[in-house]
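Peer 1: The following block contains the structure, expressed as structure tokens.
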Amino acid sequence: MLLVMILRPKSLSRHPGSLPGATTATSAVLVPTWLRRAVPDAQGVAGKDIEDMALVAGAAIGALDAVVRRQERWAGAWRQRLALAAAAVTARQAGRVEDENALRDAVLLTRPGDFLSVGPAGLLLLAWRRLAGTPAEKLLTKKNLAAVLEEFGYGPDDEVVSDLTDDVRQLAATDGTVGIMTGAIAMAERHGLGRVLGAWLADALLAQRLGWVHAVPLLGPEAALGTGARPRRSAASSVATGVETNAERAKSLLAAQARAALRAIDLSAEFHRRAEKLLAVAPKLRAKAAAVVVEKLLSNDAIVASEQIAGMSDRGLRRLFDRLVELGAVRELSGRSTFRIYG
């Protein structure tokens, strides 16, 4: 009975959350020491019971849920930074050499609207940004799935998109986050679409199950874990038997999800501190449209020094960034003297 309760954490999507526009006045979420100790690394899963791993993963997701529901002003930048980390791992797994800085450059230094020139690596970042920035309720529509498939490098195929959309809809109607997570990855493999897409789908389904406004990129950096070969079967069958027939895989995925949740929480604490510093110095900024720049910094992983800001010249924006760096509220992320990027 306890396992069934853990695998059906619907209560998480029903408790009261923060109202839109909440400030950073609330303190950062603290992860209990026992929870950190209970989350195993990839090699420590073998000696664990699936019930124990379900409890640990449920606790980690519950702690992350508390962060998400506060709807902090810096949440957009936080989710985009997680998307960047996922894209970097995805690129590495695909045999590419682009790191986080190169991926950020590929997208931010592209002319507005000219996303065809971001290159294959840049498209990977756009796929994970799509997960982080699209309202959760729209992530799994046929149109959006077709777009993300192209960003992950798969050619357009209406039949595949239609089948995938139908399977995702069936999967979303099932009970239990474990079944959804294992089912999403199995479904992507069954369609020949790879485990990374499965991780993307699992994150999207988790957000919808918990009632989050936006998904949080979690499993991208863990996409290579817990994904051994499985028999090909329908998505519904995969969900129904995922835990019973492949407990080891389920345990690995639960551990991966717990690790990812803790990483996201730790990053949220860092963003909380940095956002408080930025908001503390904001009243000292004399530049026109400085408030707009502050909001952009809170909403995005980074912005370029040449960003078009209404009411502010290029020179004025550069001076504002210099001032923010001087005050310790913003960092220059590229390390270059030109084409600078701030976040």
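Convention: chains lettered A, B, ... in structure tokens order; per-chain residue numbering from 1; ligands numbered from 1 as shown.
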List every residue of region 30-121 of chain A that has an atom at most 12 Å from any atom of region 274-288 of chain A, and for each one report the closest atom pair and its distance in Å to one decimal, counting only C-alpha atoms, with rows sorted by chain and then by increasing residue number, as CSV.
Peer 2:
```
residue,atom,partner,partner_atom,distance
A:Glu72,CA,A:Ala275,CA,9.7
A:Arg73,CA,A:Ala275,CA,8.4
A:Trp74,CA,A:Ala275,CA,6.6
A:Ala75,CA,A:Ala275,CA,10.0
A:Gly76,CA,A:Ala275,CA,11.7
A:Ala77,CA,A:Ala275,CA,9.9
A:Trp78,CA,A:Ala275,CA,10.4
```
Peer 1: Go ahead and save the picked residues with C-alpha atoms, as a short mmCIF file (atom, residue, chain, number, x, y, z; two decimals), in the first residue's frame.
Peer 2:
```cif
data_model
loop_
_atom_site.label_atom_id
_atom_site.label_comp_id
_atom_site.auth_asym_id
_atom_site.auth_seq_id
_atom_site.Cartn_x
_atom_site.Cartn_y
_atom_site.Cartn_z
CA GLU A 72 9.91 33.17 -7.99
CA ARG A 73 10.82 36.08 -10.25
CA TRP A 74 14.09 34.32 -11.11
CA ALA A 75 12.43 31.00 -12.03
CA GLY A 76 12.75 31.64 -15.76
CA ALA A 77 16.52 32.08 -15.53
CA TRP A 78 16.76 29.02 -13.27
#
```
Peer 1: Please indicate the distance in Å from CA of Arg169 (chain A) to CA of Leu139 (chain A), rounded to one decimal place.
Peer 2: 11.6 Å
Peer 1: Quick one: which region 117-172 of chain A residues come within 10 Å of region 185-189 of chain A, and what is the nearest atom pair for each with the distance in Å to one decimal, counting only C-alpha atoms, rows ordered by chain and ascending number, as CSV?
Peer 2:
```
residue,atom,partner,partner_atom,distance
A:Leu164,CA,A:Met187,CA,8.0
A:Asp167,CA,A:Met187,CA,7.6
A:Val168,CA,A:Met187,CA,8.3
A:Leu171,CA,A:Met187,CA,9.1
```
Peer 1: Might you pull out every residue within 10 Å of Ala83 (chain A), with only C-alpha atoms counted and same-chain residues fewer than 5 positions away left off, and present them as a list of chain:residue names?
Peer 2: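 My list of contacting residues is A:Ala77, A:Trp78, A:Ala88, A:Leu124, A:Leu125, A:Leu126, A:Ala127, A:Trp128, A:Arg129, A:Arg130, A:Leu131, A:Ala132, A:Gly133, A:Val216, A:Pro217, A:Leu218, A:Gly220, A:Pro221, A:Asp301.
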Peer 1: Put those residues in a file: C-alpha atoms, as a short mmCIF file (atom, residue, chain, number, x, y, z; two decimals), in the first residue's frame.
Peer 2:
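Dumped to out_23.cif:
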```cif
data_model
loop_
_atom_site.label_atom_id
_atom_site.label_comp_id
_atom_site.auth_asym_id
_atom_site.auth_seq_id
_atom_site.Cartn_x
_atom_site.Cartn_y
_atom_site.Cartn_z
CA ALA A 77 16.52 32.08 -15.53
CA TRP A 78 16.76 29.02 -13.27
CA ALA A 88 25.37 20.25 -22.89
CA LEU A 124 19.54 20.91 -28.96
CA LEU A 125 19.53 23.89 -26.61
CA LEU A 126 16.35 25.20 -28.23
CA ALA A 127 14.71 21.82 -27.58
CA TRP A 128 15.48 21.96 -23.87
CA ARG A 129 14.56 25.64 -23.72
CA ARG A 130 11.24 24.71 -25.28
CA LEU A 131 10.66 22.35 -22.37
CA ALA A 132 11.56 25.06 -19.85
CA GLY A 133 9.68 27.94 -21.46
CA VAL A 216 11.71 21.83 -15.04
CA PRO A 217 14.49 20.16 -17.11
CA LEU A 218 15.62 17.33 -14.84
CA GLY A 220 18.49 15.40 -19.48
CA PRO A 221 21.84 15.05 -17.68
CA ASP A 301 19.82 32.47 -18.44
#
```
Peer 1: Pick out each residue of region 203-337 of chain A that DSSP on the backbone tags as helix (DSSP H, G or I); I need them as an mmCIF file with C-alpha atoms, in the first residue's frame.
Peer 2:
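Wrote out16.cif, looks like this:
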```cif
data_model
loop_
_atom_site.group_PDB
_atom_site.id
_atom_site.type_symbol
_atom_site.label_atom_id
_atom_site.label_comp_id
_atom_site.auth_asym_id
_atom_site.auth_seq_id
_atom_site.Cartn_x
_atom_site.Cartn_y
_atom_site.Cartn_z
ATOM 1 C CA ASP A 203 9.965 15.868 -17.557
ATOM 2 C CA ALA A 204 6.978 17.250 -19.458
ATOM 3 C CA LEU A 205 4.651 14.560 -18.120
ATOM 4 C CA LEU A 206 5.867 15.112 -14.553
ATOM 5 C CA ALA A 207 5.074 18.831 -14.836
ATOM 6 C CA GLN A 208 1.582 18.094 -16.083
ATOM 7 C CA ARG A 209 0.998 15.487 -13.383
ATOM 8 C CA LEU A 210 2.020 17.896 -10.619
ATOM 9 C CA GLY A 220 18.489 15.403 -19.477
ATOM 10 C CA PRO A 221 21.835 15.053 -17.679
ATOM 11 C CA GLU A 222 20.694 11.623 -16.436
ATOM 12 C CA ALA A 235 3.231 2.201 -24.637
ATOM 13 C CA ALA A 236 0.247 1.077 -22.565
ATOM 14 C CA SER A 237 1.828 -2.324 -21.967
ATOM 15 C CA SER A 238 5.143 -0.709 -21.044
ATOM 16 C CA VAL A 239 3.415 1.393 -18.417
ATOM 17 C CA ALA A 240 1.426 -1.487 -16.996
ATOM 18 C CA THR A 241 4.412 -3.754 -16.507
ATOM 19 C CA GLY A 242 7.327 -1.326 -16.220
ATOM 20 C CA VAL A 243 7.856 -1.638 -12.460
ATOM 21 C CA GLU A 244 7.041 -5.317 -12.121
ATOM 22 C CA THR A 245 9.168 -6.637 -14.995
ATOM 23 C CA ALA A 247 12.567 -3.187 -11.210
ATOM 24 C CA GLU A 248 16.273 -2.481 -11.713
ATOM 25 C CA ARG A 249 15.540 -0.007 -14.459
ATOM 26 C CA ALA A 250 12.833 1.640 -12.378
ATOM 27 C CA LYS A 251 15.222 1.947 -9.432
ATOM 28 C CA SER A 252 17.896 3.546 -11.602
ATOM 29 C CA LEU A 253 15.427 6.038 -13.009
ATOM 30 C CA LEU A 254 14.063 6.874 -9.564
ATOM 31 C CA ALA A 255 17.589 7.501 -8.311
ATOM 32 C CA ALA A 256 18.345 9.628 -11.380
ATOM 33 C CA GLN A 257 15.208 11.675 -10.831
ATOM 34 C CA ALA A 258 16.068 12.176 -7.148
ATOM 35 C CA ARG A 259 19.625 13.315 -7.990
ATOM 36 C CA ALA A 260 18.295 15.671 -10.641
ATOM 37 C CA ALA A 261 15.747 17.150 -8.237
ATOM 38 C CA LEU A 262 18.433 17.851 -5.638
ATOM 39 C CA ARG A 263 20.667 19.481 -8.254
ATOM 40 C CA ALA A 264 17.776 21.693 -9.320
ATOM 41 C CA ILE A 265 17.052 22.655 -5.713
ATOM 42 C CA ASP A 266 20.702 23.497 -5.060
ATOM 43 C CA LEU A 267 20.800 25.634 -8.197
ATOM 44 C CA SER A 268 17.596 27.381 -7.101
ATOM 45 C CA ALA A 269 19.287 28.335 -3.823
ATOM 46 C CA GLU A 270 22.162 29.898 -5.774
ATOM 47 C CA PHE A 271 19.758 31.782 -8.022
ATOM 48 C CA HIS A 272 17.820 32.937 -4.960
ATOM 49 C CA ARG A 273 20.964 34.476 -3.457
ATOM 50 C CA ARG A 274 22.055 36.096 -6.701
ATOM 51 C CA ALA A 275 18.581 37.444 -7.431
ATOM 52 C CA GLU A 276 18.403 39.001 -3.972
ATOM 53 C CA LYS A 277 21.691 40.781 -4.678
ATOM 54 C CA LEU A 278 20.444 42.022 -8.048
ATOM 55 C CA LEU A 279 17.170 43.276 -6.577
ATOM 56 C CA ALA A 280 19.033 44.934 -3.701
ATOM 57 C CA VAL A 281 21.179 47.011 -6.063
ATOM 58 C CA ALA A 282 18.369 47.739 -8.542
ATOM 59 C CA PRO A 283 17.289 50.989 -6.763
ATOM 60 C CA LYS A 284 20.826 52.331 -7.243
ATOM 61 C CA ALA A 290 17.106 49.653 -15.998
ATOM 62 C CA ALA A 291 14.047 47.935 -14.534
ATOM 63 C CA VAL A 292 13.434 46.213 -17.872
ATOM 64 C CA VAL A 293 17.022 44.922 -17.939
ATOM 65 C CA VAL A 294 16.702 43.597 -14.382
ATOM 66 C CA GLU A 295 13.550 41.681 -15.303
ATOM 67 C CA LYS A 296 15.252 40.231 -18.383
ATOM 68 C CA LEU A 297 18.159 39.055 -16.237
ATOM 69 C CA LEU A 298 15.730 37.396 -13.832
ATOM 70 C CA SER A 299 13.816 35.722 -16.660
ATOM 71 C CA ASP A 314 23.859 50.281 -26.967
ATOM 72 C CA ARG A 315 26.335 52.442 -25.079
ATOM 73 C CA GLY A 316 23.912 52.964 -22.215
ATOM 74 C CA LEU A 317 23.296 49.219 -21.933
ATOM 75 C CA ARG A 318 27.021 48.463 -21.869
ATOM 76 C CA ARG A 319 27.513 51.035 -19.107
ATOM 77 C CA LEU A 320 24.636 49.522 -17.155
ATOM 78 C CA PHE A 321 26.169 46.057 -17.400
ATOM 79 C CA ASP A 322 29.538 47.434 -16.295
ATOM 80 C CA ARG A 323 27.828 48.974 -13.286
ATOM 81 C CA LEU A 324 26.033 45.733 -12.426
ATOM 82 C CA VAL A 325 29.281 43.793 -12.624
ATOM 83 C CA GLU A 326 30.979 46.407 -10.442
#
```
Peer 1: Pick the closest to Trp212 (chain A) from A:Ala106, A:Val45, A:Ile180, A:Val67: which is it, counting only C-alpha atoms?
Peer 2: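 Using only C-alpha atoms, the shortest distance to Trp212 (chain A) belongs to A:Val67.
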Peer 1: Quick one: distance from CA of Gln43 (chain A) to CA of Arg79 (chain A) in Å, one decimal?
Peer 2: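 Going from CA of Gln43 (chain A) over to CA of Arg79 (chain A), I get 27.8 Å.
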Peer 1: Calculated over only C-alpha atoms, which of the candidates A:His191, A:Arg340, A:Lys142, A:Arg104 has the smallest distance to Gln80 (chain A)?
Peer 2: A:Arg104
Peer 1: When you count only C-alpha atoms, which of these residues is closest to Leu103 (chain A): A:Gly343, A:Arg195, A:Ser334, A:Glu159?
Peer 2: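 Comparing A:Gly343, A:Arg195, A:Ser334, A:Glu159 against Leu103 (chain A), the winner is A:Ser334.
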